[in-house]
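Chemist: Input structure: entry.txt, which contains compact mmCIF, C-alpha atoms.
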```txt
# COMPACT_ATOMS: atom_id res chain seq x y z
CA MET A 26 63.09 101.62 67.04
CA LYS A 27 63.60 105.28 66.19
CA LYS A 28 60.74 105.11 63.68
CA LEU A 29 58.45 103.58 66.31
CA VAL A 30 59.23 106.40 68.76
CA MET A 31 58.58 108.97 66.03
CA TYR A 32 55.29 107.25 65.13
CA ILE A 33 54.10 107.16 68.76
CA THR A 34 55.10 110.79 69.26
CA ALA A 35 53.18 111.78 66.12
CA LEU A 36 50.14 109.79 67.27
CA PHE A 37 50.06 111.48 70.69
CA THR A 38 50.53 114.88 69.07
CA ALA A 39 47.61 114.21 66.73
CA LEU A 40 45.41 113.07 69.60
CA ALA A 41 46.29 116.17 71.61
CA VAL A 42 45.11 118.52 68.87
CA LEU A 43 41.87 116.74 68.03
CA PRO A 44 38.85 118.96 68.57
CA ALA A 45 37.09 118.59 71.91
CA ALA A 46 34.01 117.22 70.13
CA ALA A 47 36.01 114.06 69.41
CA GLN A 48 35.83 113.29 73.13
CA ASP A 49 32.16 114.12 73.55
CA ILE A 50 30.09 111.23 74.76
CA SER A 51 26.59 110.71 73.48
CA VAL A 52 23.97 110.18 76.18
CA TYR A 53 20.38 109.26 75.38
CA ALA A 54 18.29 110.13 78.43
CA ASP A 55 14.62 110.43 79.19
CA SER A 56 13.48 114.04 79.06
CA SER A 57 12.19 113.79 82.64
CA PHE A 58 15.82 113.84 83.79
CA GLN A 59 16.55 117.17 82.07
CA PRO A 60 16.56 119.32 85.24
CA ALA A 61 19.04 117.06 87.05
CA LEU A 62 21.21 116.40 84.00
CA GLY A 63 21.22 120.12 83.29
CA GLU A 64 23.14 120.49 86.56
CA LEU A 65 25.22 117.34 86.31
CA VAL A 66 26.57 117.52 82.76
CA PRO A 67 28.51 120.78 83.30
CA LEU A 68 29.96 119.41 86.56
CA PHE A 69 31.09 116.22 84.84
CA SER A 70 32.59 118.14 81.92
CA GLU A 71 34.41 120.53 84.23
CA ARG A 72 35.95 117.69 86.23
CA THR A 73 36.87 115.37 83.38
CA GLY A 74 37.26 117.57 80.32
CA PHE A 75 34.82 115.30 78.46
CA GLY A 76 31.90 116.93 76.72
CA VAL A 77 28.46 115.37 76.79
CA GLN A 78 26.08 115.47 73.86
CA LEU A 79 22.73 114.99 75.56
CA THR A 80 19.75 113.72 73.59
CA LEU A 81 16.56 114.10 75.62
CA ALA A 82 13.30 112.47 74.55
CA PRO A 83 10.74 110.01 75.88
CA SER A 84 12.35 106.66 76.70
CA SER A 85 10.07 104.87 74.25
CA ILE A 86 11.44 106.91 71.33
CA LEU A 87 15.06 106.57 72.44
CA SER A 88 14.69 102.81 72.88
CA VAL A 89 13.34 102.44 69.34
CA GLN A 90 16.17 104.57 67.92
CA ILE A 91 18.78 102.41 69.64
CA ARG A 92 17.14 99.16 68.56
CA GLU A 93 17.06 100.50 64.98
CA GLY A 94 20.78 101.25 64.94
CA ALA A 95 21.55 104.49 66.81
CA VAL A 96 24.65 104.00 68.94
CA PRO A 97 24.85 106.39 71.88
CA ASP A 98 27.53 105.74 74.44
CA LEU A 99 25.09 105.61 77.35
CA PHE A 100 21.34 104.99 77.70
CA PHE A 101 19.41 106.39 80.69
CA PRO A 102 15.68 105.60 80.33
CA ALA A 103 12.94 106.45 82.80
CA GLY A 104 11.90 102.86 83.34
CA GLU A 105 13.46 99.44 83.39
CA SER A 106 11.12 98.12 80.67
CA PHE A 107 12.86 100.36 78.12
CA MET A 108 16.27 99.17 79.26
CA LYS A 109 15.10 95.56 78.94
CA GLN A 110 14.00 96.18 75.35
CA VAL A 111 17.53 97.32 74.46
CA MET A 112 19.11 94.53 76.52
CA GLU A 113 17.03 91.88 74.74
CA LYS A 114 18.69 92.94 71.48
CA GLY A 115 22.11 92.40 73.11
CA LEU A 116 23.02 96.09 72.86
CA VAL A 117 23.85 96.78 76.52
CA ASP A 118 27.03 95.85 78.36
CA VAL A 119 25.30 94.37 81.41
CA ALA A 120 28.51 94.66 83.45
CA LEU A 121 28.26 98.42 82.90
CA LYS A 122 24.67 98.90 84.03
CA ARG A 123 23.90 100.70 87.28
CA ASN A 124 20.70 101.42 89.20
CA VAL A 125 20.54 105.19 89.39
CA LEU A 126 17.08 106.07 90.71
CA SER A 127 14.23 104.31 92.45
CA LEU A 128 10.77 104.53 91.00
CA PRO A 129 7.58 105.10 92.96
CA ALA A 130 6.18 101.75 94.02
CA PRO A 131 3.05 100.68 92.16
CA GLU A 132 -0.04 99.87 94.14
CA PRO A 133 0.41 96.24 95.22
CA ALA A 134 -2.35 93.76 94.42
CA ASP A 135 -1.98 92.47 97.96
CA PRO A 136 -1.55 95.34 100.46
CA GLU A 137 -0.02 92.87 102.94
CA ALA A 138 2.77 91.79 100.56
CA PRO A 139 5.91 93.92 100.55
CA ALA A 140 6.50 95.63 97.23
CA ASP A 141 9.73 94.87 95.41
CA PRO A 142 11.72 98.01 94.77
CA GLN A 143 11.72 99.21 91.18
CA TYR A 144 14.66 101.05 89.69
CA THR A 145 15.66 102.88 86.60
CA SER A 146 19.17 102.30 85.44
CA ALA A 147 21.74 103.69 83.06
CA ALA A 148 24.09 101.57 80.98
CA VAL A 149 26.97 101.78 78.56
CA LEU A 150 26.15 100.25 75.19
CA ASN A 151 28.28 97.42 73.80
CA GLU A 152 29.31 99.38 70.72
CA ALA A 153 29.87 102.69 72.53
CA PRO A 154 32.40 104.72 70.52
CA HIS A 155 33.62 106.50 73.68
CA ARG A 156 33.48 103.60 76.10
CA LEU A 157 35.89 104.85 78.77
CA GLN A 158 34.31 108.30 78.91
CA ALA A 159 30.85 106.67 79.10
CA MET A 160 32.03 104.49 81.98
CA ALA A 161 33.23 107.61 83.80
CA PHE A 162 29.85 109.30 83.25
CA LEU A 163 28.01 106.22 84.46
CA GLU A 164 30.02 106.18 87.68
CA PHE A 165 29.44 109.92 88.06
CA LEU A 166 25.65 109.34 87.86
CA VAL A 167 25.80 107.15 90.96
CA SER A 168 28.22 109.38 92.89
CA ASP A 169 27.18 111.11 96.11
CA GLU A 170 27.23 114.45 94.32
CA ALA A 171 24.88 113.26 91.57
CA ARG A 172 22.61 111.59 94.12
CA ALA A 173 22.31 114.93 95.92
CA VAL A 174 21.30 116.65 92.67
CA PHE A 175 18.74 113.95 91.85
CA ALA A 176 17.31 114.17 95.40
CA ARG A 177 17.10 117.97 95.15
CA GLN A 178 15.16 117.58 91.92
CA GLY A 179 12.68 115.24 93.65
CA PHE A 180 13.89 111.89 92.32
CA GLY A 181 14.00 108.83 94.59
CA LEU A 182 17.31 107.19 95.36
CA PRO A 183 18.02 103.45 95.63
```
Write out the structure in this file as structure tokens.
Modeler:
Amino acid sequence: MKKLVMYITALFTALAVLPAAAQDISVYADSSFQPALGELVPLFSERTGFGVQLTLAPSSILSVQIREGAVPDLFFPAGESFMKQVMEKGLVDVALKRNVLSLPAPEPADPEAPADPQYTSAAVLNEAPHRLQAMAFLEFLVSDEARAVFARQGFGLP
């Protein structure tokens, strides 16, 4: 029993001295979200102590990278079609997918028919190395504070 206590103590000590980068989450996000995420990432890091390594690029490029083996913790594309491409490969934890923003409605073929709302979502990937931190970031993206930042940057809210 004494050895077990010593082992657990050593493990916690080792975890406490790991560099902060070990807790950084990797977020692949569409570059159109850069202004809002530029405000949100420092707020999230300040509140949680988790760093965020943000990779910004067009959703089409990020989707291909993920489908070819890149494993970010969280994917935040600019359109649901890119999320579906990653989901079809079984790479997204669908229980950890949230609608974050609403997209402008396309012109309906029938002006009398109500348009279905379209959303863009963010999701934690199945193989996310920093799953708990990614879950916290995902919930932060749909918080009232984040919604206010997205609205201030001109994004629509669900």
Chemist: Using all atoms listed in the file, which protein or nucleic acid residues come within 9 Å of Asn151 in chain A? Drop anything in the same chain fewer than 5 positions from it, and give the result as a PyMOL selection string.
Modeler: chain A and resi 96+98+115-119+156
Chemist: Using all atoms listed in the file, give me every residue within 10 Å of (20.5, 107.2, 78.5) in file coordinates, as JSON, numbers by chain.
Modeler: {"A": [51, 52, 53, 54, 55, 56, 58, 79, 80, 81, 82, 84, 87, 88, 97, 98, 99, 100, 101, 102, 103, 108, 146, 147, 148, 149, 150, 163]}
Chemist: Name the closest residue to Asp169 in chain A among the candidates A:Pro183, A:Gly63, A:Pro154, A:Gly94; distances are taken between atoms, counting only C-alpha atoms.
Modeler: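 Once distances to Asp169 in chain A are computed over only C-alpha atoms, the minimum belongs to A:Pro183.
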Chemist: Determine, counting all atoms listed in the file, which protein, DNA and RNA residues have an atom within 12 Å of an atom of Gly179 in chain A; residues of the same chain fewer than 2 positions away are not included. Present the result as a list in words.
Modeler: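 In the requested format, the answer is Ser57, Phe58, Pro60, Ala61, Leu126, Ser127, Leu128, Pro129, Arg172, Ala173, Val174, Phe175, Ala176, Arg177, Gly181 and Leu182 of chain A.
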Chemist: Those same residues, written as a PDB file, in the frame of the given file with C-alpha atoms?
Modeler:
```
ATOM      1  CA  SER A  57      12.190 113.790  82.640  1.00  0.00           C
ATOM      2  CA  PHE A  58      15.820 113.840  83.790  1.00  0.00           C
ATOM      3  CA  PRO A  60      16.560 119.320  85.240  1.00  0.00           C
ATOM      4  CA  ALA A  61      19.040 117.060  87.050  1.00  0.00           C
ATOM      5  CA  LEU A 126      17.080 106.070  90.710  1.00  0.00           C
ATOM      6  CA  SER A 127      14.230 104.310  92.450  1.00  0.00           C
ATOM      7  CA  LEU A 128      10.770 104.530  91.000  1.00  0.00           C
ATOM      8  CA  PRO A 129       7.580 105.100  92.960  1.00  0.00           C
ATOM      9  CA  ARG A 172      22.610 111.590  94.120  1.00  0.00           C
ATOM     10  CA  ALA A 173      22.310 114.930  95.920  1.00  0.00           C
ATOM     11  CA  VAL A 174      21.300 116.650  92.670  1.00  0.00           C
ATOM     12  CA  PHE A 175      18.740 113.950  91.850  1.00  0.00           C
ATOM     13  CA  ALA A 176      17.310 114.170  95.400  1.00  0.00           C
ATOM     14  CA  ARG A 177      17.100 117.970  95.150  1.00  0.00           C
ATOM     15  CA  GLY A 181      14.000 108.830  94.590  1.00  0.00           C
ATOM     16  CA  LEU A 182      17.310 107.190  95.360  1.00  0.00           C
TER      17      LEU A 182
END
```
Chemist: Determine the nearest neighbour of Glu170 in chain A from the options A:Ile50, A:Ala153, A:Leu121, A:Leu68, counting all atoms listed in the file.
Modeler: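 Checking each candidate against Glu170 in chain A, we get A:Leu68 as the closest.
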Chemist: What's the separation between CA of Gly74 in chain A and CA of Met160 in chain A, in Å to one decimal place?
Modeler: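 Spanning CA of Gly74 in chain A to CA of Met160 in chain A is a straight-line distance of 14.2 Å.
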Chemist: CA of Leu65 in chain A and CA of Val77 in chain A, how far apart in Å?
Modeler: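 Between CA of Val77 in chain A and CA of Leu65 in chain A the gap works out to 10.2 Å.
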Chemist: Considering all atoms listed in the file, return as a list in words whatever protein or nucleic-acid residues lie within 10 Å of Ala161 in chain A, sequence-local ones (same chain, fewer than 4 positions apart) excluded.
Modeler: Phe69, Thr73, Phe75, Arg156, Leu157, Phe165 and Leu166 of chain A
Chemist: In Å, how far is it from CA of Glu164 in chain A to CA of Arg123 in chain A?
Modeler: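 Answer for the CA of Glu164 in chain A to CA of Arg123 in chain A separation: 8.2 Å.
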Chemist: Using all atoms listed in the file, pick whichever of A:Ile91, A:Phe180, A:Met112, A:Ser70 has the shortest atom-to-atom distance to Gln48 in chain A.
Modeler: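 For Gln48 in chain A, the nearest of the candidates is A:Ser70.
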